[in-house]
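K.L.:
Please find protein_39.cif (mmCIF, C-alpha atoms and all ligand atoms) on the next line:
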data_model
#
loop_
_atom_site.label_atom_id
_atom_site.label_comp_id
_atom_site.auth_asym_id
_atom_site.auth_seq_id
_atom_site.Cartn_x
_atom_site.Cartn_y
_atom_site.Cartn_z
CA MET J 223 -33.69 -96.35 37.52
CA GLU J 224 -36.47 -94.03 36.48
CA LEU J 225 -37.73 -93.04 33.07
CA ARG J 226 -39.94 -89.97 32.70
CA VAL J 227 -41.55 -89.66 29.28
CA LEU J 228 -41.44 -86.05 28.08
CA GLY J 229 -42.73 -86.70 24.57
CA CYS J 230 -43.79 -89.69 22.48
CA TRP J 231 -45.04 -88.37 19.10
CA SER J 232 -43.46 -88.33 15.67
CA PRO J 233 -42.95 -86.49 13.40
CA TYR J 234 -45.31 -83.91 14.95
CA PRO J 235 -47.22 -83.99 18.25
CA ARG J 236 -50.92 -84.18 19.00
CA ALA J 237 -52.46 -81.10 20.64
CA GLY J 238 -50.67 -80.36 23.91
CA GLY J 239 -48.09 -83.09 23.25
CA SER J 240 -44.37 -83.29 22.46
CA CYS J 241 -42.09 -85.22 20.15
CA SER J 242 -39.56 -87.78 21.46
CA GLY J 243 -37.81 -86.94 24.72
CA TYR J 244 -36.97 -88.85 27.90
CA LEU J 245 -35.56 -87.95 31.30
CA ILE J 246 -33.59 -90.84 32.80
CA SER J 247 -32.53 -90.78 36.44
CA GLU J 248 -30.46 -93.03 38.64
CA GLY J 249 -29.64 -91.70 42.11
CA GLU J 250 -28.23 -88.22 41.62
CA THR J 251 -27.58 -88.74 37.90
CA HIS J 252 -30.11 -87.19 35.54
CA ILE J 253 -29.79 -87.19 31.76
CA LEU J 254 -31.98 -86.41 28.79
CA VAL J 255 -32.14 -88.83 25.90
CA ASP J 256 -33.59 -87.05 22.87
CA PHE J 257 -35.32 -83.72 23.24
CA GLY J 258 -37.84 -83.02 20.48
CA SER J 259 -40.25 -80.13 20.10
CA GLY J 260 -42.34 -79.46 23.21
CA CYS J 261 -40.08 -81.38 25.63
CA PHE J 262 -38.52 -78.39 27.41
CA SER J 263 -41.87 -77.08 28.60
CA ARG J 264 -42.88 -80.52 29.94
CA LEU J 265 -39.46 -81.15 31.52
CA GLN J 266 -39.96 -78.11 33.73
CA ARG J 267 -43.11 -79.59 35.25
CA TYR J 268 -41.02 -82.36 36.75
CA PHE J 269 -37.36 -81.37 36.92
CA ASP J 270 -35.05 -78.37 37.17
CA PHE J 271 -32.98 -78.28 33.96
CA ARG J 272 -30.08 -76.73 35.94
CA ARG J 273 -29.48 -80.13 37.57
CA LEU J 274 -29.01 -82.07 34.30
CA GLN J 275 -25.68 -83.87 33.83
CA ALA J 276 -25.93 -84.52 30.08
CA VAL J 277 -28.08 -84.58 26.98
CA VAL J 278 -27.74 -87.47 24.53
CA ILE J 279 -29.33 -87.04 21.11
CA SER J 280 -29.85 -90.26 19.15
CA HIS J 281 -29.99 -88.49 15.78
CA LEU J 282 -30.42 -85.07 14.29
CA HIS J 283 -33.96 -85.30 12.97
CA PRO J 284 -36.05 -82.35 14.21
CA ASP J 285 -38.55 -84.49 16.15
CA HIS J 286 -35.65 -85.77 18.30
CA PHE J 287 -33.64 -82.64 19.03
CA LEU J 288 -35.43 -79.34 18.26
CA ASP J 289 -35.82 -78.29 21.90
CA VAL J 290 -32.03 -78.33 22.34
CA PHE J 291 -32.30 -74.82 20.88
CA THR J 292 -34.81 -73.84 23.59
CA LEU J 293 -32.66 -75.43 26.29
CA ARG J 294 -29.72 -73.42 25.02
CA TYR J 295 -31.48 -70.14 25.88
CA ALA J 296 -32.37 -71.40 29.35
CA LEU J 297 -28.76 -72.53 29.96
CA ARG J 298 -27.48 -69.18 28.77
CA ALA J 299 -29.73 -67.42 31.28
CA SER J 300 -28.74 -69.75 34.14
CA LEU J 301 -25.01 -69.36 33.42
CA TRP J 302 -25.53 -65.59 33.31
CA ASN J 303 -27.42 -65.37 36.63
CA GLY J 304 -25.21 -67.96 38.35
CA SER J 305 -27.94 -70.55 38.98
CA ARG J 306 -25.81 -73.04 37.01
CA GLN J 307 -22.00 -72.98 36.93
CA GLU J 308 -21.05 -75.40 34.17
CA LYS J 309 -21.70 -76.03 30.53
CA LEU J 310 -23.96 -78.98 29.79
CA PRO J 311 -22.36 -81.98 28.00
CA LEU J 312 -24.23 -82.64 24.74
CA TYR J 313 -23.61 -85.96 22.97
CA LEU J 314 -24.69 -86.20 19.37
CA PRO J 315 -23.90 -87.89 16.02
CA GLY J 316 -21.54 -86.06 13.65
CA GLU J 317 -24.05 -85.45 10.85
CA PRO J 318 -25.96 -83.91 9.04
CA ALA J 319 -23.31 -81.19 8.68
CA VAL J 320 -25.89 -78.42 8.39
CA GLU J 321 -27.22 -79.20 11.89
CA ILE J 322 -23.73 -79.60 13.41
CA GLU J 323 -22.72 -76.22 12.00
CA ARG J 324 -25.62 -74.64 13.86
CA LEU J 325 -24.99 -76.47 17.12
CA VAL J 326 -21.23 -75.72 17.29
CA GLN J 327 -22.18 -72.06 17.64
CA TYR J 328 -23.45 -72.84 21.13
CA ARG J 329 -20.16 -73.87 22.72
CA GLU J 330 -20.63 -71.39 25.54
CA GLU J 331 -23.67 -73.33 26.77
CA PHE J 332 -22.90 -76.89 25.62
CA ASP J 333 -19.82 -79.05 25.89
CA LEU J 334 -20.15 -80.88 22.54
CA HIS J 335 -19.17 -84.55 22.11
CA ILE J 336 -19.49 -86.25 18.74
CA MET J 337 -20.52 -89.85 19.50
CA GLU J 338 -18.51 -91.56 16.74
CA GLU J 339 -15.42 -90.37 18.57
CA CYS J 340 -16.42 -91.84 21.96
CA SER J 341 -14.10 -94.72 22.80
CA GLY J 342 -15.73 -98.07 22.03
CA LEU J 343 -18.98 -96.15 21.65
CA ALA J 344 -19.36 -96.19 25.43
CA ILE J 345 -19.96 -93.17 27.63
CA ASN J 346 -19.92 -92.90 31.43
CA ILE J 347 -22.13 -90.22 32.95
CA GLY J 348 -22.36 -90.19 36.76
CA ASP J 349 -23.84 -93.50 37.90
CA LEU J 350 -24.79 -94.51 34.35
CA ARG J 351 -22.87 -96.38 31.68
CA LEU J 352 -24.11 -95.92 28.12
CA GLN J 353 -23.36 -98.29 25.27
CA LEU J 354 -24.19 -97.04 21.78
CA CYS J 355 -25.19 -99.01 18.68
CA LYS J 356 -25.70 -97.58 15.19
CA THR J 357 -29.16 -98.26 13.79
CA GLU J 358 -30.66 -98.50 10.28
CA HIS J 359 -32.01 -95.01 9.64
CA PRO J 360 -31.47 -92.42 6.86
CA VAL J 361 -29.10 -90.33 9.04
CA THR J 362 -26.50 -91.56 11.57
CA THR J 363 -28.55 -92.76 14.56
CA PHE J 364 -27.59 -94.47 17.80
CA ALA J 365 -29.66 -96.79 19.93
CA VAL J 366 -28.43 -96.84 23.51
CA ARG J 367 -28.18 -99.33 26.36
CA ILE J 368 -28.11 -97.53 29.70
CA GLU J 369 -26.85 -99.49 32.68
CA GLY J 370 -27.06 -98.52 36.33
CA ALA J 371 -28.67 -100.57 39.09
CA SER J 372 -31.00 -101.76 36.30
CA THR J 373 -30.92 -101.57 32.50
CA LEU J 374 -32.87 -99.46 30.02
CA VAL J 375 -32.47 -99.90 26.27
CA TYR J 376 -33.77 -97.29 23.84
CA SER J 377 -34.08 -98.23 20.17
CA ALA J 378 -34.07 -94.64 18.86
CA ASP J 379 -35.31 -94.75 15.23
CA THR J 380 -34.47 -97.87 13.29
CA ALA J 381 -35.55 -100.34 10.65
CA TRP J 382 -35.42 -104.05 11.58
CA ASP J 383 -31.85 -104.71 12.74
CA PRO J 384 -30.55 -107.85 14.53
CA ASP J 385 -27.97 -105.67 16.34
CA ILE J 386 -30.84 -104.06 18.29
CA ILE J 387 -31.89 -107.50 19.54
CA LYS J 388 -28.36 -108.00 20.89
CA LEU J 389 -28.27 -104.53 22.43
CA ALA J 390 -31.63 -105.06 24.17
CA GLU J 391 -30.77 -108.51 25.57
CA GLY J 392 -32.25 -109.01 29.02
CA ALA J 393 -33.13 -105.32 29.51
CA ASP J 394 -35.34 -104.47 32.50
CA LEU J 395 -37.15 -101.95 30.32
CA PHE J 396 -36.99 -101.70 26.52
CA LEU J 397 -38.23 -98.41 25.11
CA CYS J 398 -38.80 -99.14 21.45
CA GLU J 399 -40.08 -97.11 18.57
CA ALA J 400 -43.29 -98.45 17.00
CA SER J 401 -43.94 -96.04 14.17
CA VAL J 402 -46.02 -98.12 11.79
CA LEU J 403 -49.12 -100.35 11.72
CA GLU J 404 -48.95 -103.64 9.80
CA LYS J 405 -51.29 -102.27 7.11
CA ASP J 406 -48.66 -99.64 6.22
CA LYS J 407 -45.61 -101.83 6.53
CA GLU J 408 -44.31 -101.31 2.98
CA TYR J 409 -43.30 -97.89 4.33
CA VAL J 410 -40.98 -99.14 7.08
CA SER J 411 -37.79 -100.27 5.34
CA LYS J 412 -37.38 -97.21 3.13
CA ALA J 413 -38.12 -94.80 6.00
CA GLY J 414 -35.99 -96.69 8.54
CA HIS J 415 -38.68 -97.49 11.07
CA LEU J 416 -40.28 -100.45 12.84
CA THR J 417 -43.82 -101.68 12.83
CA ALA J 418 -45.34 -102.20 16.26
CA HIS J 419 -45.29 -105.95 15.54
CA GLN J 420 -41.55 -105.82 14.78
CA ALA J 421 -40.95 -103.86 18.01
CA GLY J 422 -42.71 -106.66 19.89
CA THR J 423 -40.72 -109.33 18.07
CA ILE J 424 -37.37 -107.65 18.87
CA ALA J 425 -38.40 -107.40 22.54
CA ARG J 426 -39.40 -111.08 22.65
CA GLU J 427 -36.21 -112.28 20.95
CA ALA J 428 -34.13 -110.10 23.29
CA GLY J 429 -35.92 -111.51 26.34
CA VAL J 430 -36.67 -108.08 27.83
CA LYS J 431 -38.68 -107.89 31.04
CA ARG J 432 -40.85 -104.94 30.07
CA LEU J 433 -41.67 -103.34 26.73
CA VAL J 434 -42.78 -99.72 26.40
CA ILE J 435 -43.50 -98.59 22.83
CA THR J 436 -43.15 -94.98 21.68
CA HIS J 437 -42.67 -92.66 18.65
CA PHE J 438 -46.34 -92.64 17.70
CA PHE J 439 -47.77 -91.30 14.46
CA PRO J 440 -50.53 -88.91 15.67
CA GLU J 441 -53.04 -90.14 13.06
CA TYR J 442 -53.03 -93.73 14.37
CA ASP J 443 -55.32 -95.43 16.86
CA LEU J 444 -52.87 -96.34 19.65
CA LYS J 445 -54.98 -99.29 20.86
CA THR J 446 -54.40 -101.03 17.52
CA LEU J 447 -50.70 -100.21 17.69
CA ARG J 448 -50.49 -101.75 21.14
CA LEU J 449 -52.37 -104.89 20.09
CA GLU J 450 -49.97 -105.43 17.20
CA ALA J 451 -46.96 -104.97 19.49
CA GLU J 452 -48.47 -107.47 21.95
CA GLU J 453 -48.88 -110.04 19.15
CA GLY J 454 -45.16 -109.69 18.37
CA PHE J 455 -44.08 -109.70 22.03
CA ASN J 456 -46.49 -112.42 23.12
CA GLY J 457 -47.17 -110.52 26.33
CA PRO J 458 -48.45 -107.20 27.68
CA VAL J 459 -47.03 -104.00 26.18
CA GLU J 460 -47.24 -100.47 27.62
CA LEU J 461 -47.72 -97.29 25.59
CA ALA J 462 -45.33 -94.45 26.44
CA GLN J 463 -47.43 -91.75 28.07
CA GLU J 464 -46.29 -88.16 28.42
CA GLY J 465 -45.57 -87.14 32.00
CA LEU J 466 -45.67 -90.72 33.27
CA ARG J 467 -42.79 -92.07 35.35
CA TYR J 468 -41.63 -95.66 34.87
CA ILE J 469 -39.64 -97.11 37.77
CA PHE J 470 -37.76 -100.36 37.22
ZN ZN J 501 -35.67 -90.12 12.67
#
Any chance you could put this one into structure tokens?

P.N.:
Amino acid sequence: MELRVLGCWSPYPRAGGSCSGYLISEGETHILVDFGSGCFSRLQRYFDFRRLQAVVISHLHPDHFLDVFTLRYALRASLWNGSRQEKLPLYLPGEPAVEIERLVQYREEFDLHIMEECSGLAINIGDLRLQLCKTEHPVTTFAVRIEGASTLVYSADTAWDPDIIKLAEGADLFLCEASVLEKDKEYVSKAGHLTAHQAGTIAREAGVKRLVITHFFPEYDLKTLRLEAEEGFNGPVELAQEGLRYIF
């Protein structure tokens, strides 16, 4: 399996960067998981959007889905000029209503699937099987375990939640949000986020093989964030880096 990081910042990017977005590929199956502001431009450096099989949005906060609106225009153009024949399946949570009302207007470009309605919260897309798990966040949010020849687990946005440890069990690569430094940790439970140390602890308890942290606050020093994650993990931790490809 391959993970290409399209964006790693939250809630706004550094100069030239993008908010959360990931291209995940296994054989001929290519999906996007989250697609925040700036991701569409970077996607095109590496991959032709016409070949996507699905987009899965963990939750409808702008830093995780805003470029769906940009993608919609590109899909519209490709359906019009015949360079793509089919609508693109778009999986997303059923709230907030105000965002859903906007997105349902784009049924000509997207085939919409509300994730609460997916049977057993499992989705099959090409060679990939996705298992969803609701997280602790102010809006409905799903973490996802993606299984193909290997296993990727993505935490999405979440406060500390034992269910994420279960979901991540034995993953080959765990992509986990690490929004907060220890010095600011009183912020995490009310905002529904993890400290880097907590991200490391979840990864250690889940016995994952490789931990990549993401969802970085642009004002932080990322070296400190990584050190705190490594203390929790008790091993080396990688920082998600835009444009980089992780093969596992
Ligand atoms: Zn969020």

K.L.:
Which residues form the shell of 7 Å around ligand ZN 501 (chain J) when you count all atoms listed in the file, given as a PDB file with C-alpha atoms, in the frame of the given file?

P.N.:
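Below is the file selection.pdb, written as the result:
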ATOM      1  CA  HIS J 281     -29.990 -88.490  15.780  1.00  0.00           C
ATOM      2  CA  HIS J 283     -33.960 -85.300  12.970  1.00  0.00           C
ATOM      3  CA  HIS J 359     -32.010 -95.010   9.640  1.00  0.00           C
ATOM      4  CA  ASP J 379     -35.310 -94.750  15.230  1.00  0.00           C
TER       5      ASP J 379
END

K.L.:
For Phe332 of chain J, which of J:Gln275, J:Ser247, J:Ser305, J:Ser377 is the closest residue, counting only C-alpha atoms?

P.N.:
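Answer, going by the shortest atom-to-atom distance: J:Gln275.
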
K.L.:
Pick the closest to Tyr376 of chain J from J:Leu416, J:Val227, J:Val255, J:Leu282: which is it, counting only C-alpha atoms?

P.N.:
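For Tyr376 of chain J, the nearest of the candidates is J:Val255.
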
K.L.:
Using only C-alpha atoms, which residues sit within 8 Å of Ile347 of chain J once same-chain residues fewer than 3 positions away are excluded, as a PyMOL selection string?

P.N.:
chain J and resi 251+275-276+350-352

K.L.:
Residues as selected, C-alpha atoms, written as a PDB file, in the coordinates of the input, can you do that?

P.N.:
ATOM      1  CA  THR J 251     -27.580 -88.740  37.900  1.00  0.00           C
ATOM      2  CA  GLN J 275     -25.680 -83.870  33.830  1.00  0.00           C
ATOM      3  CA  ALA J 276     -25.930 -84.520  30.080  1.00  0.00           C
ATOM      4  CA  LEU J 350     -24.790 -94.510  34.350  1.00  0.00           C
ATOM      5  CA  ARG J 351     -22.870 -96.380  31.680  1.00  0.00           C
ATOM      6  CA  LEU J 352     -24.110 -95.920  28.120  1.00  0.00           C
TER       7      LEU J 352
END

K.L.:
Name all residues at most 12 Å from Glu248 of chain J (count all atoms listed in the file; drop same-chain ones fewer than 5 positions away) and give them as a PyMOL selection string.

P.N.:
chain J and resi 223-226+253-254+274-275+347-351+368-374+469-470

K.L.:
Could you write those residues out with C-alpha atoms, as a CSV table (one decimal), in the frame of the given file?

P.N.:
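The file below, out_27.csv, is the result:
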chain,number,residue,atom,x,y,z
J,223,MET,CA,-33.7,-96.4,37.5
J,224,GLU,CA,-36.5,-94.0,36.5
J,225,LEU,CA,-37.7,-93.0,33.1
J,226,ARG,CA,-39.9,-90.0,32.7
J,253,ILE,CA,-29.8,-87.2,31.8
J,254,LEU,CA,-32.0,-86.4,28.8
J,274,LEU,CA,-29.0,-82.1,34.3
J,275,GLN,CA,-25.7,-83.9,33.8
J,347,ILE,CA,-22.1,-90.2,33.0
J,348,GLY,CA,-22.4,-90.2,36.8
J,349,ASP,CA,-23.8,-93.5,37.9
J,350,LEU,CA,-24.8,-94.5,34.4
J,351,ARG,CA,-22.9,-96.4,31.7
J,368,ILE,CA,-28.1,-97.5,29.7
J,369,GLU,CA,-26.8,-99.5,32.7
J,370,GLY,CA,-27.1,-98.5,36.3
J,371,ALA,CA,-28.7,-100.6,39.1
J,372,SER,CA,-31.0,-101.8,36.3
J,373,THR,CA,-30.9,-101.6,32.5
J,374,LEU,CA,-32.9,-99.5,30.0
J,469,ILE,CA,-39.6,-97.1,37.8
J,470,PHE,CA,-37.8,-100.4,37.2

K.L.:
May I have the residues within 6 Å of Glu399 of chain J as a ChimeraX atom specification, using only C-alpha atoms and disregarding those fewer than 5 positions away in the same chain?

P.N.:
/J:435-437

K.L.:
To one decimal place, how far is atom CA of Phe287 of chain J from atom CA of Gly258 of chain J in Å?

P.N.:
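Going from atom CA of Phe287 of chain J over to atom CA of Gly258 of chain J covers 4.5 Å.
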
K.L.:
For a test of reading the model, state the distance in Å between atom CA of Glu331 of chain J and atom CA of Arg306 of chain J, rounded to one decimal.

P.N.:
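Separation of atom CA of Glu331 of chain J and atom CA of Arg306 of chain J: 10.5 Å.
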
K.L.:
Taking only C-alpha atoms into account, name the residue in J:Leu228, J:Val277, J:Ile336, J:Ala237 that is nearest to Ile322 of chain J.

P.N.:
J:Ile336

K.L.:
Give me the residues near segment 458-465 of chain J as an NGL selection string, where near means some atom within 12 Å (using all atoms listed in the file) and where sequence neighbours in that chain fewer than 5 positions away do not count.

P.N.:
:J and (225-231 or 235-236 or 238-245 or 260-261 or 263-269 or 395-400 or 418-419 or 421-423 or 425-426 or 430-438 or 443-453)

K.L.:
Using atom CA of Leu310 of chain J and atom CA of Thr357 of chain J as the two end points, give the distance in Å to one decimal.

P.N.:
25.6 Å

K.L.:
Nearest to Tyr468 of chain J: which of J:Ile279, J:Asp394, J:Leu325, J:Thr292 is it, counting only C-alpha atoms?

P.N.:
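So, comparing all the options, the nearest one is J:Asp394.
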
K.L.:
Pick from J:Gly316, J:Ala413, J:Glu330, J:Ser280: nearest to Arg367 of chain J, with all atoms listed in the file counted?

P.N.:
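Checking each of J:Gly316, J:Ala413, J:Glu330, J:Ser280 against Arg367 of chain J, counting all atoms listed in the file, the winner is J:Ser280.
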
K.L.:
When distances are computed from all atoms listed in the file, which of J:Asn303, J:Gln353, J:Thr380, J:Gln327 shows the smallest separation from Ser411 of chain J?

P.N.:
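The answer is J:Thr380, which sits nearest to Ser411 of chain J.
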
K.L.:
Extending 8 Å beyond the listed atoms of segment 224-241 of chain J on each side, what axis-aligned box results? I want centre and edge lengths in Å to one decimal, as lines of an AutoDock Vina configuration file.

P.N.:
center_x = -44.5
center_y = -87.2
center_z = 24.9
size_x = 32.0
size_y = 29.7
size_z = 39.1
